[in-house]
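Accompanying notes for the structure given below.
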Amino acid sequence: MPGGLDELIASIEVELEAAQKRRTKTMKEAELILAKAGQDGRSNLTTEEDDRVAELFAARDQAKADIAGIEKKLENARGLKVEEMERAEQAKRVTPTEVRRPSYDQVARVGREERTYRKDQDPLGKGFLMDICRQFTFQDVEASAKLARHMAEERVERAEYMQRAVGTGAFAGLTVPQYLTDLYAPATAALRPFADVCNQHPLPESGMSVNISRITTASSAALQASENAAVSETDMDDTLLTVPVQTAAGQQTVSRQAIDRGNGIEDVTMQDLFNRVSTNLDSTLINQATTGLSAAATAVAYTDASPTGAELYPKVLAGAAGVEAALLAMGRPSHAVMHSRRWYWLSSQMSSTWPLINWSGLPVQAGGMANAGSSYGSGPRGVLPCGLEVIVDNNIATNAGAGTNEDEIYVVPNSECHLWEDPSAPMFIRAEQAKAANLGVLLVAYSYFAYTFGRYANGMQKIGGTGLVTPAF
């Protein structure tokens, strides 16, 4: 019975939260209508505005009444739970007797309330996904109760994400259990190697943009011409850098037959959706027009009909020099981001000459060093002689240049690669009936993020040109 009451209380709490959001939404819309009239200098509202405000007030009053009723229902349910707990405690009480207790009763036992969806019981997310489908398709009471309890648990353990579960278009979604996104992140896909080394920030709780102030005109200093002469003065000025919040999303249609009778649909659905969302986010960071890393980076040309690793390496250093010249003490070049084909081509190069200056800890007669046991998406693959850590990322395009067969190498300071995400990058999932006529349920997974590489001009550098055509091994 306590478990049933927990589920009932969780579902009532979800119902209460929905009513509170309806009340808030009506009040906000009414405020916007009144504010707009004030901005326009109008003393009266239009007929349409009057009607809409009246509708909003009626909806607000109805929401208030709903909230009062739901709160009373919640109070009663919690009272029942208290009574159940008291009865359970009374049932546990033992009247002392003179009978000697068996030795095994001396063992201490500790209990705990488990999560609704657990890695040990539902490792692949099958139960979670099936409950989503059954609740949406059949209005299954048991599935609805389990999902409500899961969301109540999320509000307790990851409360900061709940505001993120509803977008600007009231696109409500269920928070995916964190262990599922952790489990599926290493699966086969380009994923997000570069995003994982960016300077991470928590995404603001509201709004569709992140604003950063950049000092574009600095103050000045100069030698004073003579005693009591005016000293140098330049008025500082800043420019607002606005970074949009974007949504990485993917969808998958699951047939009713798979929902009713299938096995293993989580392998197709959960894994593929999570992987594609991660891949899309990382690819956006690198390849998006105007603001992506490739578009924002300053080009260093490497033109060579017969490229070699020894000839490419000075170009990487030229990129590092450009980063340091732009940032000075505000950051340092830290990573070289390249495609896996470029990393293996560099590893294949043979040379009898070595850099004049090597990074501390690198073998003297070596053009770099690979990290033992490293693999795709597991962090830096190695270190170049100048100390740049190599990140291999196959979201880098391989069709650049006139011959559509070139890739690029990016030299970046990861401290200036800013990425705003929900902590632990939670994702949300919801069901749609877009394929009802085909007996299909459309599942949509999505996550919010924002990024910028534009705080400092020329802070990112890229090496590109005919020297980076498809490598020959």
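To be explicit about the labels: the chains of the structure tokens are called A, B, and onward in the order shown, and within each one the residues are counted from 1, while ligands get numbers from 1 in the order they are shown.
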Mind checking which residues fall within 9 Å of stretch 408-411 of chain A, counting only C-alpha atoms, ignoring those fewer than 3 positions away in the same chain, and posting them as a VMD selection string?
chain A and resid 293 to 294 297 316 to 317 319 to 320 323 333 to 339 342 388 396 to 398 400 460 to 465 468
Please, could you write that set of residues out with N, CA and C atoms as a compact mmCIF listing (two decimals), in the first residue's frame?
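So out.txt came out as:
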```txt
# COMPACT_ATOMS: atom_id res chain seq x y z
N LEU A 293 33.08 26.59 -35.24
CA LEU A 293 34.53 26.70 -35.09
C LEU A 293 35.21 26.93 -36.44
N SER A 294 34.80 26.21 -37.47
CA SER A 294 35.43 26.36 -38.78
C SER A 294 35.22 27.77 -39.33
N ALA A 297 37.25 30.47 -36.95
CA ALA A 297 38.70 30.37 -36.83
C ALA A 297 39.41 31.16 -37.93
N VAL A 316 50.98 23.93 -37.67
CA VAL A 316 50.30 23.81 -36.37
C VAL A 316 50.86 24.82 -35.38
N LEU A 317 52.19 24.97 -35.39
CA LEU A 317 52.81 25.96 -34.52
C LEU A 317 52.42 27.39 -34.92
N GLY A 319 49.54 28.21 -36.08
CA GLY A 319 48.20 28.37 -35.48
C GLY A 319 48.31 28.66 -33.99
N ALA A 320 49.18 27.93 -33.29
CA ALA A 320 49.37 28.16 -31.85
C ALA A 320 49.88 29.58 -31.59
N VAL A 323 47.02 32.03 -31.88
CA VAL A 323 46.14 32.01 -30.70
C VAL A 323 46.76 32.82 -29.57
N PRO A 333 46.96 28.33 -26.25
CA PRO A 333 46.55 27.22 -27.12
C PRO A 333 46.71 25.90 -26.37
N SER A 334 45.66 25.12 -26.32
CA SER A 334 45.69 23.91 -25.50
C SER A 334 45.44 22.63 -26.28
N HIS A 335 44.66 22.70 -27.38
CA HIS A 335 44.27 21.48 -28.07
C HIS A 335 44.40 21.65 -29.59
N ALA A 336 44.75 20.56 -30.24
CA ALA A 336 44.68 20.46 -31.70
C ALA A 336 43.58 19.45 -32.01
N VAL A 337 42.52 19.91 -32.68
CA VAL A 337 41.36 19.07 -32.97
C VAL A 337 41.44 18.65 -34.43
N MET A 338 41.44 17.36 -34.68
CA MET A 338 41.59 16.86 -36.05
C MET A 338 40.76 15.62 -36.28
N HIS A 339 40.57 15.28 -37.56
CA HIS A 339 39.84 14.07 -37.96
C HIS A 339 40.72 12.85 -37.67
N ARG A 342 43.48 12.18 -40.10
CA ARG A 342 44.66 13.03 -40.03
C ARG A 342 45.57 12.57 -38.89
N LEU A 388 50.45 20.62 -27.37
CA LEU A 388 49.02 20.60 -27.70
C LEU A 388 48.48 19.18 -27.57
N ILE A 396 34.42 16.56 -37.97
CA ILE A 396 35.13 17.48 -38.85
C ILE A 396 34.88 17.07 -40.30
N ALA A 397 34.52 18.04 -41.14
CA ALA A 397 34.22 17.76 -42.54
C ALA A 397 35.46 17.30 -43.29
N THR A 398 35.27 16.39 -44.24
CA THR A 398 36.37 15.90 -45.08
C THR A 398 36.13 16.24 -46.55
N ALA A 400 36.12 19.62 -47.71
CA ALA A 400 36.44 21.04 -47.90
C ALA A 400 37.37 21.22 -49.10
N MET A 460 40.75 31.63 -32.28
CA MET A 460 40.76 30.26 -32.80
C MET A 460 41.51 30.26 -34.14
N GLN A 461 42.27 29.21 -34.40
CA GLN A 461 43.03 29.12 -35.65
C GLN A 461 42.74 27.76 -36.30
N LYS A 462 42.79 27.72 -37.63
CA LYS A 462 42.59 26.46 -38.34
C LYS A 462 43.62 26.33 -39.46
N ILE A 463 44.11 25.12 -39.66
CA ILE A 463 45.04 24.82 -40.75
C ILE A 463 44.26 24.11 -41.83
N GLY A 464 44.32 24.62 -43.04
CA GLY A 464 43.61 24.01 -44.16
C GLY A 464 44.31 24.29 -45.47
N GLY A 465 43.93 23.54 -46.48
CA GLY A 465 44.54 23.72 -47.80
C GLY A 465 44.80 22.38 -48.46
N LEU A 468 46.08 19.08 -46.87
CA LEU A 468 45.24 18.25 -46.03
C LEU A 468 44.19 17.52 -46.84
```
Mind checking which residues fall within 12 Å of A:Val383, counting only C-alpha atoms, ignoring those fewer than 2 positions away in the same chain, and posting them as a ChimeraX atom specification?
/A:334-337,343,346-347,358-363,366-372,374,379-381,385-392
For the interface of stretch 266-310 of chain A with stretch 188-212 of chain A (cut-off 7 Å, counting only C-alpha atoms), please tabulate each contacting residue of stretch 266-310 of chain A alongside its nearest pair of atoms and their separation in Å to one decimal, rows sorted by chain and increasing number, as JSON lines.
```
{"residue": "A:Asn275", "atom": "CA", "partner": "A:Leu191", "partner_atom": "CA", "distance": 6.2}
{"residue": "A:Ser278", "atom": "CA", "partner": "A:Leu191", "partner_atom": "CA", "distance": 5.2}
{"residue": "A:Thr279", "atom": "CA", "partner": "A:Leu191", "partner_atom": "CA", "distance": 4.2}
{"residue": "A:Asp282", "atom": "CA", "partner": "A:Arg192", "partner_atom": "CA", "distance": 4.8}
```
Using N, CA and C atoms, can you write the selected residues to a file as a compact mmCIF listing (two decimals), in the first residue's frame?
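Generated file (out-v2.txt):
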```
# COMPACT_ATOMS: atom_id res chain seq x y z
N ASN A 275 22.56 8.98 -29.41
CA ASN A 275 23.79 9.17 -30.17
C ASN A 275 23.66 10.30 -31.18
N SER A 278 23.72 13.79 -29.52
CA SER A 278 25.10 14.16 -29.15
C SER A 278 25.93 14.52 -30.37
N THR A 279 25.79 13.73 -31.43
CA THR A 279 26.55 13.98 -32.65
C THR A 279 26.15 15.31 -33.28
N ASP A 282 27.71 18.29 -31.34
CA ASP A 282 29.13 18.46 -31.60
C ASP A 282 29.38 18.96 -33.02
```
Do you know which residues are at most 7 Å from A:Val469 counting only C-alpha atoms, after dropping those on the same chain fewer than 5 positions away, and could you put them as a PyMOL selection string?
chain A and resi 405-407
As a PyMOL selection string, list the residues of stretch 224-417 of chain A assigned to strand (DSSP E) by DSSP on the backbone atoms of this structure.
chain A and resi 237-244+246-255+298-301+335-338+369-370+382-383+389-392+409-412
Would you pick out the contacts of A:Ser348 at 9 Å or less, using only C-alpha atoms, so that residues sharing its chain but fewer than 3 positions from it are not included, and give the list as a PyMOL selection string?
chain A and resi 309+343-345+473
For the selection just defined, write its residues with N, CA and C atoms to a file, as a short mmCIF file (atom, residue, chain, number, x, y, z; two decimals), in the first residue's frame.
```cif
data_model
loop_
_atom_site.label_atom_id
_atom_site.label_comp_id
_atom_site.auth_asym_id
_atom_site.auth_seq_id
_atom_site.Cartn_x
_atom_site.Cartn_y
_atom_site.Cartn_z
N GLY A 309 54.30 15.04 -42.66
CA GLY A 309 54.09 15.46 -41.29
C GLY A 309 55.08 16.51 -40.85
N TRP A 343 44.98 12.13 -37.79
CA TRP A 343 45.77 11.64 -36.66
C TRP A 343 46.56 10.40 -37.05
N TYR A 344 45.91 9.47 -37.73
CA TYR A 344 46.61 8.25 -38.12
C TYR A 344 47.64 8.53 -39.22
N TRP A 345 47.36 9.51 -40.08
CA TRP A 345 48.35 9.88 -41.09
C TRP A 345 49.59 10.47 -40.42
N PHE A 473 48.36 6.38 -47.23
CA PHE A 473 49.17 5.64 -46.24
C PHE A 473 50.16 4.71 -46.95
#
```
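Across the model, the gap from atom CA of A:Ser447 to atom CA of A:Lys21 is 21.4 Å.
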List the spatial neighbours of A:Leu147 as a ChimeraX atom specification - criterion: any atom at most 8 Å away, only C-alpha atoms, same-chain residues fewer than 2 positions off excluded.
/A:128,131-132,143-145,149-151
Atomic separation - atom CA of A:Gly467 relative to atom CA of A:Tyr302, Å:
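We find that atom CA of A:Tyr302 and atom CA of A:Gly467 lie 5.4 Å from each other.
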Gap from atom CA of A:Leu241 to atom CA of A:Ala299 - Å, one decimal
22.3 Å
DSSP helix (DSSP H, G or I) residues within stretch 284-430 of chain A, as a PyMOL selection string
chain A and resi 284-287+293-296+309-330+340-348+414-416
